[in-house]
>>> print(open('run.tsv').read())   # TSV, C-alpha atoms and all ligand atoms
chain	number	residue	atom	x	y	z
A	10	MET	CA	116.16	78.13	66.46
A	11	ASP	CA	115.00	77.55	62.88
A	12	LEU	CA	113.00	74.41	62.11
A	13	ARG	CA	115.03	72.40	59.59
A	14	VAL	CA	112.77	71.35	56.71
A	15	GLY	CA	113.27	68.66	54.03
A	16	VAL	CA	111.27	68.98	50.80
A	17	ILE	CA	110.30	66.07	48.53
A	18	GLY	CA	109.27	67.18	45.04
A	19	THR	CA	110.79	70.35	43.64
A	20	GLY	CA	108.45	70.98	40.70
A	21	ALA	CA	106.10	73.96	40.40
A	22	ILE	CA	104.71	74.12	43.93
A	23	GLY	CA	107.70	72.44	45.61
A	24	GLU	CA	110.06	75.15	44.39
A	25	ASP	CA	107.52	77.83	45.32
A	26	HIS	CA	107.28	76.43	48.86
A	27	ILE	CA	111.10	76.39	49.14
A	28	ARG	CA	111.15	80.08	48.13
A	29	ARG	CA	108.37	80.77	50.63
A	30	LEU	CA	110.14	78.93	53.49
A	31	THR	CA	113.37	80.77	52.69
A	32	ASP	CA	112.24	84.32	51.85
A	33	VAL	CA	108.79	84.80	53.42
A	34	ILE	CA	108.32	82.56	56.44
A	35	THR	CA	110.16	83.12	59.70
A	36	GLY	CA	111.52	80.31	61.86
A	37	ALA	CA	112.32	77.78	59.12
A	38	LYS	CA	115.18	76.76	56.86
A	39	VAL	CA	115.18	74.29	53.97
A	40	VAL	CA	118.16	72.01	54.57
A	41	ALA	CA	117.46	69.00	52.34
A	42	LEU	CA	115.50	68.09	49.22
A	43	SER	CA	114.90	65.35	46.68
A	44	ASP	CA	113.22	64.88	43.30
A	45	ILE	CA	113.35	62.24	40.59
A	46	ASN	CA	114.17	65.12	38.25
A	47	VAL	CA	117.73	65.20	39.55
A	48	GLU	CA	119.05	68.02	37.38
A	49	ASN	CA	116.33	70.46	38.42
A	50	ALA	CA	116.54	69.41	42.08
A	51	ARG	CA	120.33	69.90	42.16
A	52	ARG	CA	119.87	73.38	40.64
A	53	ILE	CA	117.39	74.30	43.38
A	54	ALA	CA	119.57	72.74	46.10
A	55	ASP	CA	122.49	74.90	44.95
A	56	LYS	CA	120.32	78.01	44.79
A	57	TYR	CA	118.99	77.61	48.34
A	58	GLY	CA	122.02	75.98	50.00
A	59	ALA	CA	120.18	72.71	50.74
A	60	LYS	CA	121.58	69.17	50.51
A	61	PHE	CA	120.36	67.02	47.60
A	62	TYR	CA	119.37	63.43	48.41
A	63	SER	CA	118.66	60.78	45.76
A	64	THR	CA	115.46	59.53	47.43
A	65	GLY	CA	112.60	60.97	49.45
A	66	GLU	CA	113.15	58.30	52.11
A	67	GLU	CA	116.69	59.60	52.69
A	68	VAL	CA	115.36	63.15	53.17
A	69	ILE	CA	112.79	61.91	55.70
A	70	ASN	CA	115.36	59.95	57.70
A	71	ALA	CA	118.19	62.50	57.51
A	72	THR	CA	119.26	63.44	61.05
A	73	GLU	CA	119.50	67.14	60.17
A	74	VAL	CA	115.82	67.23	59.05
A	75	ASP	CA	113.15	68.09	61.67
A	76	ALA	CA	110.03	68.26	59.46
A	77	ILE	CA	108.99	67.30	55.93
A	78	VAL	CA	107.09	68.96	53.07
A	79	ILE	CA	105.77	66.59	50.38
A	80	ALA	CA	105.14	68.23	46.99
A	81	SER	CA	105.70	65.33	44.63
A	82	TRP	CA	103.01	63.82	42.37
A	83	ASP	CA	99.72	62.81	43.98
A	84	GLU	CA	100.30	59.05	43.70
A	85	THR	CA	103.59	59.27	45.67
A	86	HIS	CA	102.15	61.03	48.74
A	87	ALA	CA	100.93	58.02	50.74
A	88	LYS	CA	104.28	56.18	50.91
A	89	TYR	CA	106.18	59.29	51.95
A	90	VAL	CA	103.61	60.28	54.59
A	91	ILE	CA	103.80	56.80	56.13
A	92	GLU	CA	107.61	56.93	56.07
A	93	ALA	CA	107.49	60.31	57.88
A	94	ILE	CA	105.07	58.95	60.49
A	95	ASN	CA	107.39	55.98	61.06
A	96	ALA	CA	110.32	58.40	61.44
A	97	LYS	CA	108.17	60.36	63.96
A	98	LYS	CA	108.55	63.62	62.02
A	99	PHE	CA	105.96	66.32	61.34
A	100	VAL	CA	104.88	66.39	57.71
A	101	LEU	CA	102.93	68.83	55.58
A	102	CYS	CA	101.68	66.86	52.57
A	103	GLU	CA	100.27	68.67	49.56
A	104	LYS	CA	96.72	67.69	48.67
A	105	PRO	CA	95.42	65.09	48.05
A	106	LEU	CA	96.66	63.09	51.04
A	107	ALA	CA	96.53	60.02	48.75
A	108	THR	CA	94.82	59.02	45.54
A	109	SER	CA	92.37	56.63	47.25
A	110	ALA	CA	90.44	56.44	50.50
A	111	GLU	CA	92.05	53.05	51.09
A	112	ASP	CA	95.55	54.58	51.18
A	113	CYS	CA	94.33	57.44	53.41
A	114	LYS	CA	92.94	54.85	55.82
A	115	LYS	CA	96.42	53.28	56.08
A	116	ILE	CA	97.88	56.72	56.89
A	117	VAL	CA	95.25	57.34	59.58
A	118	GLY	CA	95.96	53.86	61.00
A	119	ALA	CA	99.72	54.47	61.07
A	120	GLU	CA	99.27	57.85	62.76
A	121	ILE	CA	96.96	56.45	65.43
A	122	ALA	CA	99.34	53.51	66.01
A	123	GLY	CA	102.19	56.02	66.48
A	124	GLU	CA	100.05	57.76	69.15
A	125	ARG	CA	100.96	61.24	67.89
A	126	GLN	CA	99.37	63.62	65.38
A	127	LEU	CA	102.09	64.53	62.89
A	128	VAL	CA	100.35	65.07	59.55
A	129	GLN	CA	98.87	68.24	58.04
A	130	VAL	CA	97.30	68.21	54.55
A	131	GLY	CA	97.94	71.13	52.17
A	132	PHE	CA	94.32	72.27	51.96
A	133	MET	CA	95.44	75.90	51.84
A	134	ARG	CA	92.01	77.38	51.10
A	135	ARG	CA	91.23	77.09	54.83
A	136	PHE	CA	93.89	79.82	55.27
A	137	ASP	CA	92.50	82.12	52.57
A	138	ARG	CA	91.19	85.44	53.89
A	139	GLY	CA	87.99	85.23	51.77
A	140	TYR	CA	87.01	81.73	52.88
A	141	ARG	CA	87.84	82.63	56.50
A	142	GLN	CA	85.53	85.66	56.29
A	143	ILE	CA	82.73	83.52	54.84
A	144	LYS	CA	83.17	81.08	57.73
A	145	SER	CA	82.92	83.88	60.22
A	146	VAL	CA	79.75	85.27	58.55
A	147	ILE	CA	78.13	81.81	58.72
A	148	GLU	CA	79.20	81.15	62.32
A	149	ASN	CA	77.92	84.53	63.48
A	150	GLY	CA	74.48	83.77	62.00
A	151	LYS	CA	74.59	86.83	59.72
A	152	ILE	CA	72.82	85.04	56.80
A	153	GLY	CA	70.83	82.51	58.82
A	154	GLU	CA	71.26	78.81	58.10
A	155	PRO	CA	73.12	78.05	54.83
A	156	LEU	CA	70.79	76.39	52.32
A	157	MET	CA	72.66	76.24	48.99
A	158	LEU	CA	76.23	76.79	47.74
A	159	HIS	CA	77.19	77.65	44.15
A	160	CYS	CA	80.87	77.12	43.42
A	161	ILE	CA	83.19	77.36	40.43
A	162	HIS	CA	86.70	75.96	40.02
A	163	ARG	CA	88.22	76.88	36.66
A	164	ASN	CA	91.82	76.35	35.55
A	165	ARG	CA	93.17	78.02	32.44
A	166	ILE	CA	94.71	74.75	31.24
A	167	PRO	CA	95.14	71.38	32.98
A	168	GLY	CA	98.47	69.89	33.99
A	169	PRO	CA	99.99	67.14	31.83
A	170	LYS	CA	98.04	63.85	31.64
A	171	HIS	CA	95.05	65.32	33.47
A	172	THR	CA	92.17	62.82	33.34
A	173	THR	CA	88.41	62.98	33.93
A	174	GLU	CA	88.96	61.34	37.33
A	175	MET	CA	91.65	63.86	38.31
A	176	SER	CA	89.26	66.78	37.86
A	177	ILE	CA	87.70	65.60	41.10
A	178	LYS	CA	90.57	63.85	42.92
A	179	ASN	CA	93.13	66.56	42.15
A	180	SER	CA	91.05	69.75	41.68
A	181	VAL	CA	87.53	69.58	43.19
A	182	ILE	CA	89.13	67.96	46.26
A	183	HIS	CA	89.80	71.58	47.35
A	184	GLU	CA	86.06	72.40	47.36
A	185	ILE	CA	85.27	69.05	49.00
A	186	ASP	CA	87.52	69.99	51.91
A	187	VAL	CA	86.96	73.72	52.25
A	188	LEU	CA	83.14	73.53	52.02
A	189	ARG	CA	83.00	70.76	54.64
A	190	TRP	CA	85.16	72.99	56.86
A	191	LEU	CA	83.01	76.07	56.14
A	192	LEU	CA	79.77	74.27	56.96
A	193	ASP	CA	81.20	72.01	59.68
A	194	GLU	CA	79.27	69.08	58.19
A	195	ASP	CA	80.05	65.90	56.26
A	196	TYR	CA	78.37	64.96	52.99
A	197	LYS	CA	75.75	62.25	52.49
A	198	THR	CA	75.24	61.99	48.71
A	199	THR	CA	76.81	62.97	45.42
A	200	GLN	CA	75.98	63.02	41.73
A	201	VAL	CA	78.21	64.08	38.83
A	202	LEU	CA	76.74	65.60	35.67
A	203	MET	CA	78.57	65.71	32.36
A	204	PRO	CA	77.80	68.77	30.23
A	205	LYS	CA	78.75	68.99	26.56
A	206	ARG	CA	82.48	68.23	26.29
A	207	SER	CA	84.85	71.05	25.37
A	208	ARG	CA	86.57	70.37	22.05
A	209	LEU	CA	89.76	71.68	23.66
A	210	ALA	CA	89.93	68.86	26.22
A	211	GLU	CA	92.57	66.25	25.43
A	212	GLU	CA	91.82	62.56	25.12
A	213	GLY	CA	90.99	60.97	28.47
A	214	LEU	CA	89.48	64.15	29.86
A	215	HIS	CA	85.78	64.97	29.91
A	216	ASP	CA	85.71	68.68	30.70
A	217	PRO	CA	83.72	70.45	32.17
A	218	GLN	CA	81.92	68.47	34.89
A	219	ILE	CA	79.36	69.46	37.51
A	220	VAL	CA	79.64	67.89	40.95
A	221	LEU	CA	76.55	67.92	43.16
A	222	LEU	CA	76.89	67.29	46.89
A	223	GLU	CA	74.33	67.09	49.67
A	224	THR	CA	75.36	67.54	53.30
A	225	ASN	CA	73.95	65.60	56.24
A	226	SER	CA	71.53	68.44	57.07
A	227	GLY	CA	70.36	68.72	53.43
A	228	ILE	CA	72.40	71.71	52.18
A	229	ARG	CA	72.76	71.43	48.38
A	230	ILE	CA	76.06	72.28	46.70
A	231	ASP	CA	76.88	72.59	43.00
A	232	ILE	CA	80.51	72.81	41.85
A	233	GLU	CA	81.46	73.52	38.26
A	234	SER	CA	84.84	72.00	37.46
A	235	PHE	CA	86.34	73.34	34.23
A	236	VAL	CA	90.08	72.70	34.02
A	237	ASN	CA	90.48	73.93	30.45
A	238	CYS	CA	88.62	77.23	30.44
A	239	GLN	CA	91.45	79.03	28.58
A	240	TYR	CA	90.93	82.55	29.97
A	241	GLY	CA	92.52	82.27	33.44
A	242	TYR	CA	92.25	80.85	36.96
A	243	ASP	CA	88.85	81.49	38.48
A	244	VAL	CA	87.52	80.29	41.84
A	245	LYS	CA	84.08	81.32	43.07
A	246	CYS	CA	81.98	80.40	46.07
A	247	GLU	CA	78.59	81.78	47.04
A	248	VAL	CA	76.67	80.65	50.11
A	249	VAL	CA	72.92	81.29	50.06
A	250	GLY	CA	71.41	81.46	53.53
A	251	GLU	CA	67.92	82.02	54.95
A	252	THR	CA	68.33	85.80	55.23
A	253	GLY	CA	71.24	86.71	52.96
A	254	THR	CA	74.15	85.54	50.85
A	255	VAL	CA	77.93	85.75	51.12
A	256	ARG	CA	80.50	85.13	48.40
A	257	LEU	CA	84.25	85.17	47.78
A	258	PRO	CA	85.55	88.48	46.46
A	259	ASP	CA	87.49	88.55	43.21
A	260	PRO	CA	91.20	88.87	44.05
A	261	ALA	CA	92.42	92.47	44.17
A	262	ASN	CA	93.88	93.77	40.92
A	263	VAL	CA	94.00	97.30	39.54
A	264	LEU	CA	91.16	98.38	37.28
A	265	MET	CA	92.53	99.55	33.95
A	266	ARG	CA	90.86	101.74	31.31
A	267	SER	CA	92.49	101.45	27.93
A	268	LYS	CA	91.48	101.17	24.26
A	269	GLY	CA	87.82	101.72	25.07
A	270	THR	CA	87.81	98.94	27.66
A	271	ASN	CA	87.52	98.83	31.43
A	272	SER	CA	89.40	95.73	32.63
A	273	TYR	CA	91.39	94.01	35.35
A	274	LYS	CA	93.81	91.12	35.14
A	275	ILE	CA	92.76	87.58	35.98
A	276	PHE	CA	95.54	85.48	37.54
A	277	PRO	CA	96.78	82.63	35.32
A	278	ASP	CA	96.94	79.99	38.07
A	279	TRP	CA	96.77	79.08	41.76
A	280	SER	CA	100.24	80.36	42.67
A	281	ASP	CA	99.25	84.05	42.63
A	282	ARG	CA	95.55	83.64	43.37
A	283	PHE	CA	96.23	81.89	46.69
A	284	ILE	CA	99.69	83.31	47.46
A	285	GLU	CA	98.61	84.83	50.77
A	286	ALA	CA	96.83	81.61	51.79
A	287	TYR	CA	99.98	79.51	51.16
A	288	ASP	CA	102.08	82.02	53.14
A	289	ILE	CA	99.70	81.93	56.11
A	290	GLU	CA	99.38	78.13	55.87
A	291	PHE	CA	103.16	77.71	56.06
A	292	GLN	CA	103.75	80.30	58.80
A	293	GLU	CA	101.04	78.74	60.97
A	294	TRP	CA	102.40	75.23	60.27
A	295	ILE	CA	105.94	76.21	61.27
A	296	ASN	CA	104.68	77.99	64.40
A	297	SER	CA	102.57	75.02	65.51
A	298	VAL	CA	105.19	72.37	64.70
A	299	LYS	CA	107.67	74.31	66.83
A	300	LYS	CA	105.19	73.92	69.68
A	301	GLY	CA	104.93	70.19	68.90
A	302	ILE	CA	101.31	70.23	67.63
A	303	VAL	CA	99.27	70.09	64.40
A	304	LYS	CA	96.64	72.83	64.01
A	305	GLY	CA	95.58	72.62	60.36
A	306	PRO	CA	93.74	70.02	58.26
A	307	THR	CA	94.57	66.53	59.54
A	308	SER	CA	94.95	63.05	58.06
A	309	TRP	CA	91.33	62.53	59.03
A	310	ASP	CA	90.31	65.52	56.88
A	311	GLY	CA	92.43	64.12	54.03
A	312	TYR	CA	90.73	60.73	54.47
A	313	VAL	CA	87.18	62.17	54.49
A	314	ALA	CA	88.00	64.21	51.36
A	315	CYS	CA	89.20	61.07	49.56
A	316	ILE	CA	86.16	59.02	50.63
A	317	THR	CA	84.02	61.81	49.14
A	318	ALA	CA	86.12	62.02	45.96
A	319	ASP	CA	85.94	58.23	45.51
A	320	ALA	CA	82.13	58.43	45.84
A	321	CYS	CA	82.07	61.17	43.19
A	322	THR	CA	84.08	58.93	40.85
A	323	GLU	CA	81.62	56.09	41.44
A	324	ALA	CA	78.68	58.45	40.84
A	325	ARG	CA	80.20	59.65	37.57
A	326	GLU	CA	80.91	56.10	36.37
A	327	LYS	CA	77.45	54.81	37.28
A	328	GLY	CA	75.58	57.96	36.29
A	329	THR	CA	73.54	57.77	39.51
A	330	ILE	CA	73.28	59.41	42.92
A	331	VAL	CA	75.71	57.68	45.30
A	332	SER	CA	75.72	57.65	49.12
A	333	ILE	CA	78.83	58.89	50.90
A	334	ASN	CA	79.59	56.85	53.99
A	335	ILE	CA	81.94	58.62	56.37
A	336	PRO	CA	82.97	56.54	59.41
A	337	GLU	CA	82.79	58.03	62.88
A	338	ARG	CA	85.81	60.20	63.63
A	339	PRO	CA	88.24	58.44	66.00
A	340	THR	CA	88.62	60.28	69.33
A	341	PHE	CA	92.34	60.52	68.49
A	342	TYR	CA	91.41	63.40	66.14
A	343	ASN	CA	89.10	65.20	68.59
A	344	SER	CA	91.94	67.15	70.16
A	345	THR	CA	92.74	68.84	66.83
A	346	VAL	CA	92.72	72.61	67.17
A	347	ASP	CA	90.93	73.23	63.88
A	348	ASN	CA	92.06	76.54	62.37
A	349	LYS	CA	89.37	79.23	62.39
A	401	LIG	P1	105.00	69.22	39.21
A	401	LIG	O1	104.88	68.12	38.22
A	401	LIG	O2	105.36	70.58	38.74
A	401	LIG	O3	106.05	68.81	40.34
A	401	LIG	C1	106.04	67.57	40.97
A	401	LIG	C2	107.47	67.13	41.16
A	401	LIG	O4	107.49	65.88	41.86
A	401	LIG	C3	108.22	66.90	39.83
A	401	LIG	O5	109.40	67.68	39.82
A	401	LIG	C4	108.51	65.40	39.83
A	401	LIG	O6	109.73	65.08	39.19
A	401	LIG	C5	108.54	65.11	41.31
A	401	LIG	N1	108.35	63.70	41.66
A	401	LIG	C6	107.48	62.82	41.12
A	401	LIG	N2	107.58	61.64	41.72
A	401	LIG	C7	108.51	61.77	42.70
A	401	LIG	C8	109.01	60.92	43.69
A	401	LIG	N3	108.61	59.66	43.81
A	401	LIG	N4	109.93	61.41	44.55
A	401	LIG	C9	110.36	62.69	44.45
A	401	LIG	N5	109.91	63.56	43.53
A	401	LIG	C10	108.99	63.10	42.66
A	401	LIG	O7	103.61	69.26	40.00
A	401	LIG	P2	103.10	70.39	40.99
A	401	LIG	O8	102.09	71.22	40.28
A	401	LIG	O9	104.24	71.04	41.65
A	401	LIG	O10	102.28	69.49	42.04
A	401	LIG	C11	102.93	68.79	43.05
A	401	LIG	C12	101.93	68.37	44.12
A	401	LIG	O11	101.36	69.54	44.70
A	401	LIG	C13	100.74	67.56	43.59
A	401	LIG	O12	100.39	66.61	44.56
A	401	LIG	C14	99.63	68.57	43.41
A	401	LIG	O13	98.36	68.00	43.55
A	401	LIG	C15	99.94	69.54	44.54
A	401	LIG	N6	99.54	70.93	44.22
A	401	LIG	C16	98.83	71.60	45.15
A	401	LIG	C17	98.43	72.89	44.88
A	401	LIG	C18	97.60	73.63	45.88
A	401	LIG	O14	96.92	74.58	45.50
A	401	LIG	N7	97.63	73.27	47.16
A	401	LIG	C19	98.78	73.52	43.69
A	401	LIG	C20	99.55	72.81	42.78
A	401	LIG	C21	99.93	71.50	43.07
A	402	LIG	C1	96.35	71.88	41.43
A	402	LIG	O1	97.03	70.70	41.78
A	402	LIG	C2	95.92	72.62	42.64
A	402	LIG	O2	95.88	72.12	43.72
A	402	LIG	C3	95.25	73.90	42.36
A	402	LIG	O3	94.98	74.61	43.54
A	402	LIG	C4	93.98	73.55	41.63
A	402	LIG	O4	93.27	74.73	41.31
A	402	LIG	C5	94.29	72.79	40.36
A	402	LIG	O5	93.08	72.43	39.75
A	402	LIG	C6	95.08	71.54	40.68
A	402	LIG	O6	95.41	70.86	39.48
>>> encode(input="run.tsv", output="structure tokens", more="lines below")
Ligand code: NAD
Ligand code: ISE
Amino acid sequence: MDLRVGVIGTGAIGEDHIRRLTDVITGAKVVALSDINVENARRIADKYGAKFYSTGEEVINATEVDAIVIASWDETHAKYVIEAINAKKFVLCEKPLATSAEDCKKIVGAEIAGERQLVQVGFMRRFDRGYRQIKSVIENGKIGEPLMLHCIHRNRIPGPKHTTEMSIKNSVIHEIDVLRWLLDEDYKTTQVLMPKRSRLAEEGLHDPQIVLLETNSGIRIDIESFVNCQYGYDVKCEVVGETGTVRLPDPANVLMRSKGTNSYKIFPDWSDRFIEAYDIEFQEWINSVKKGIVKGPTSWDGYVACITADACTEAREKGTIVSINIPERPTFYNSTVDNK
């Protein structure tokens, strides 16, 4: 029987996930949705044959809904995740789990109190073929111990009202999670450097930024965050090990020769660049939820990512190196079958 899914937030990625759950994924059906943009949500509800509800809470508590997808704005995630935990329903929440470590801690507390793991965070890069291959290279010792990572996260243009702080809490949060997963290590320090500011960045945004992280074993990571790079969506990751290096491939696109130029297209945003990763993420989530378990990134992973992002914000504001203090992982999260 199909898992009946309710979706909260039907903007860019919410609508894309509804399409994915309807046309690509097997074993699921979107039956309910909600968005504060009522007109757009009603249009999507009609298109996909789902029921429109005026609030996210109603979607979560609707008897016909088995599991929830949260794709509303970052600052709304925490309250909906807690509502889903209280309703004892599985929930896939887009990243970030919350906009502060404090709110993530409340989610972790609620989940532990409910004695059941229900939450998965939308860190879809863990499902990307390239990152998975890098993880396998590292785990099989093919490049020796990782020593340094050089990463780039460029967006063509930022979303509306994108601030300096959001470059880390909304964008670099992907690297914070996926690199910790790749290396199987937490971070111990961070520093944020501010290069010359692009004249194209709007008020309230210092762009680009360079985030430096150091893991517990001393691996050094540099991440360029440039949300206004103009030319396209570009994500790079190179791991330098003792005996070799491994890096993400550029996404496949045909090579064109025309007008004296050899070129290939660069995707404009995340939706095409990571399309396969989102599809795998959702298929694996549906499959595991049907078995009554969570296999992907947990609330604990969302919490650790936010602790790290908060430390980066502090480091940027103070202009110093800041320690990252990750608490010991509760045994409750030890049973997680982390995706490989
Ligand atoms: P968006 O602005 O296009 O859509 C968000 C939608 O949420 C809007 O339609 C808005 O009206 C709605 N909304 C806001 N507050 C709400 C509330 N309280 N209840 C119900 N609906 C509400 O933004 P987006 O780009 O689709 O991003 C949505 C979320 O997905 C964000 O948290 C973002 O960080 C995340 N995201 C993740 C990825 C990824 O690669 N995993 C990519 C894009 C966005
Ligand atoms: C967006 O919300 C995403 O999650 C994208 O994957 C990321 O590249 C972008 O910077 C974010 O704003």
>>> residues_around(input="run.tsv", residues="Val303 (chain A)", least_positions_apart="3", cutoff="7 Å", atoms="all atoms listed in the file", output="ChimeraX atom specification")
/A:126-127,129,297-298
>>> closest_residue(input="run.tsv", among="A:Ile22, A:Val187, A:Cys160, A:Ile147", to="Glu247 (chain A)", atoms="all atoms listed in the file")
A:Cys160
>>> closest_residue(input="run.tsv", among="A:Asp243, A:Asp259, A:Asp193, A:Glu111", to="ligand LIG 402 (chain A)", atoms="only C-alpha atoms and all ligand atoms")
A:Asp243
>>> residues_around(input="run.tsv", residues="Asn237 (chain A)", least_positions_apart="3", cutoff="9 Å", atoms="all atoms listed in the file", output="VMD selection string")
chain A and resid 163 to 167 207 209 to 210 216 to 217 240
>>> closest_residue(input="run.tsv", among="A:Asp137, A:Glu67, A:Asp55, A:Asp83", to="ligand LIG 402 (chain A)", atoms="only C-alpha atoms and all ligand atoms")
A:Asp83
>>> closest_atom_pairs(input="run.tsv", of="chain A", to="ligand LIG 402 (chain A)", cutoff="7 Å", atoms="all atoms listed in the file", output="JSON lines")
{"residue": "A:Lys104", "atom": "CA", "partner": "A:LIG402", "partner_atom": "O2", "distance": 6.7}
{"residue": "A:His162", "atom": "CA", "partner": "A:LIG402", "partner_atom": "O4", "distance": 6.8}
{"residue": "A:Asn164", "atom": "CA", "partner": "A:LIG402", "partner_atom": "O5", "distance": 5.9}
{"residue": "A:Pro167", "atom": "CA", "partner": "A:LIG402", "partner_atom": "O6", "distance": 6.5}
{"residue": "A:Gly168", "atom": "CA", "partner": "A:LIG402", "partner_atom": "O6", "distance": 6.4}
{"residue": "A:Asn179", "atom": "CA", "partner": "A:LIG402", "partner_atom": "C6", "distance": 5.5}
{"residue": "A:Ser180", "atom": "CA", "partner": "A:LIG402", "partner_atom": "O5", "distance": 3.9}
{"residue": "A:Val236", "atom": "CA", "partner": "A:LIG402", "partner_atom": "O5", "distance": 6.5}
{"residue": "A:Trp279", "atom": "CA", "partner": "A:LIG402", "partner_atom": "O3", "distance": 5.1}
>>> atom_distance(input="run.tsv", atom1="CA of Gly328 (chain A)", atom2="CA of Leu202 (chain A)")
7.8 Å
>>> residues_around(input="run.tsv", residues="Arg189 (chain A)", least_positions_apart="4", cutoff="12 Å", atoms="all atoms listed in the file", output="PyMOL selection string")
chain A and resi 132+134-135+140+144+158+182-185+193-197+222-226+228+230+306+310-311+313-314+317
>>> closest_residue(input="run.tsv", among="A:Thr31, A:Gln239, A:Ser43, A:Gln218", to="ligand LIG 401 (chain A)", atoms="all atoms listed in the file")
A:Ser43
>>> residues_near_ligand(input="run.tsv", ligand="ligand LIG 401 (chain A)", cutoff="7 Å", atoms="all atoms listed in the file", output="PyMOL selection string")
chain A and resi 17-23+43-46+64-65+80-83+85+103-105+131-133+179+279
>>> decode(input="run.tsv", residues="region 183-188 of chain A", atoms="all heavy atoms", output="CSV table (one decimal), in the first residue's frame")
chain,number,residue,atom,x,y,z
A,183,HIS,N,25.2,22.4,4.2
A,183,HIS,CA,25.4,21.2,3.4
A,183,HIS,C,26.8,20.6,3.5
A,183,HIS,O,26.9,19.4,3.8
A,183,HIS,CB,25.1,21.4,1.9
A,183,HIS,CG,23.6,21.5,1.5
A,183,HIS,ND1,22.8,20.5,1.6
A,183,HIS,CD2,22.9,22.6,1.1
A,183,HIS,CE1,21.6,20.8,1.2
A,183,HIS,NE2,21.6,22.1,0.9
A,184,GLU,N,27.8,21.5,3.4
A,184,GLU,CA,29.2,21.0,3.5
A,184,GLU,C,29.4,20.5,4.9
A,184,GLU,O,30.1,19.5,5.2
A,184,GLU,CB,30.2,22.1,3.1
A,184,GLU,CG,30.6,22.2,1.7
A,184,GLU,CD,29.5,22.9,0.8
A,184,GLU,OE1,28.6,23.5,1.4
A,184,GLU,OE2,29.6,22.8,-0.4
A,185,ILE,N,28.9,21.3,5.9
A,185,ILE,CA,29.2,20.9,7.3
A,185,ILE,C,28.7,19.5,7.5
A,185,ILE,O,29.4,18.7,8.2
A,185,ILE,CB,28.4,22.0,8.2
A,185,ILE,CG1,29.1,23.3,8.2
A,185,ILE,CG2,28.3,21.4,9.7
A,185,ILE,CD1,28.4,24.4,8.9
A,186,ASP,N,27.5,19.2,7.0
A,186,ASP,CA,27.0,17.8,7.2
A,186,ASP,C,27.7,16.8,6.4
A,186,ASP,O,28.2,15.8,6.9
A,186,ASP,CB,25.5,17.7,6.9
A,186,ASP,CG,25.0,16.3,7.1
A,186,ASP,OD1,25.0,15.8,8.2
A,186,ASP,OD2,24.8,15.6,6.1
A,187,VAL,N,27.8,17.0,5.1
A,187,VAL,CA,28.3,16.0,4.2
A,187,VAL,C,29.8,15.7,4.5
A,187,VAL,O,30.2,14.5,4.4
A,187,VAL,CB,28.0,16.3,2.7
A,187,VAL,CG1,29.0,17.2,2.1
A,187,VAL,CG2,27.9,15.0,1.9
A,188,LEU,N,30.6,16.7,4.9
A,188,LEU,CA,32.0,16.4,5.1
A,188,LEU,C,32.2,15.6,6.4
A,188,LEU,O,33.1,14.8,6.5
A,188,LEU,CB,32.8,17.7,5.1
A,188,LEU,CG,32.7,18.6,3.9
A,188,LEU,CD1,33.5,19.8,3.9
A,188,LEU,CD2,33.0,17.8,2.6
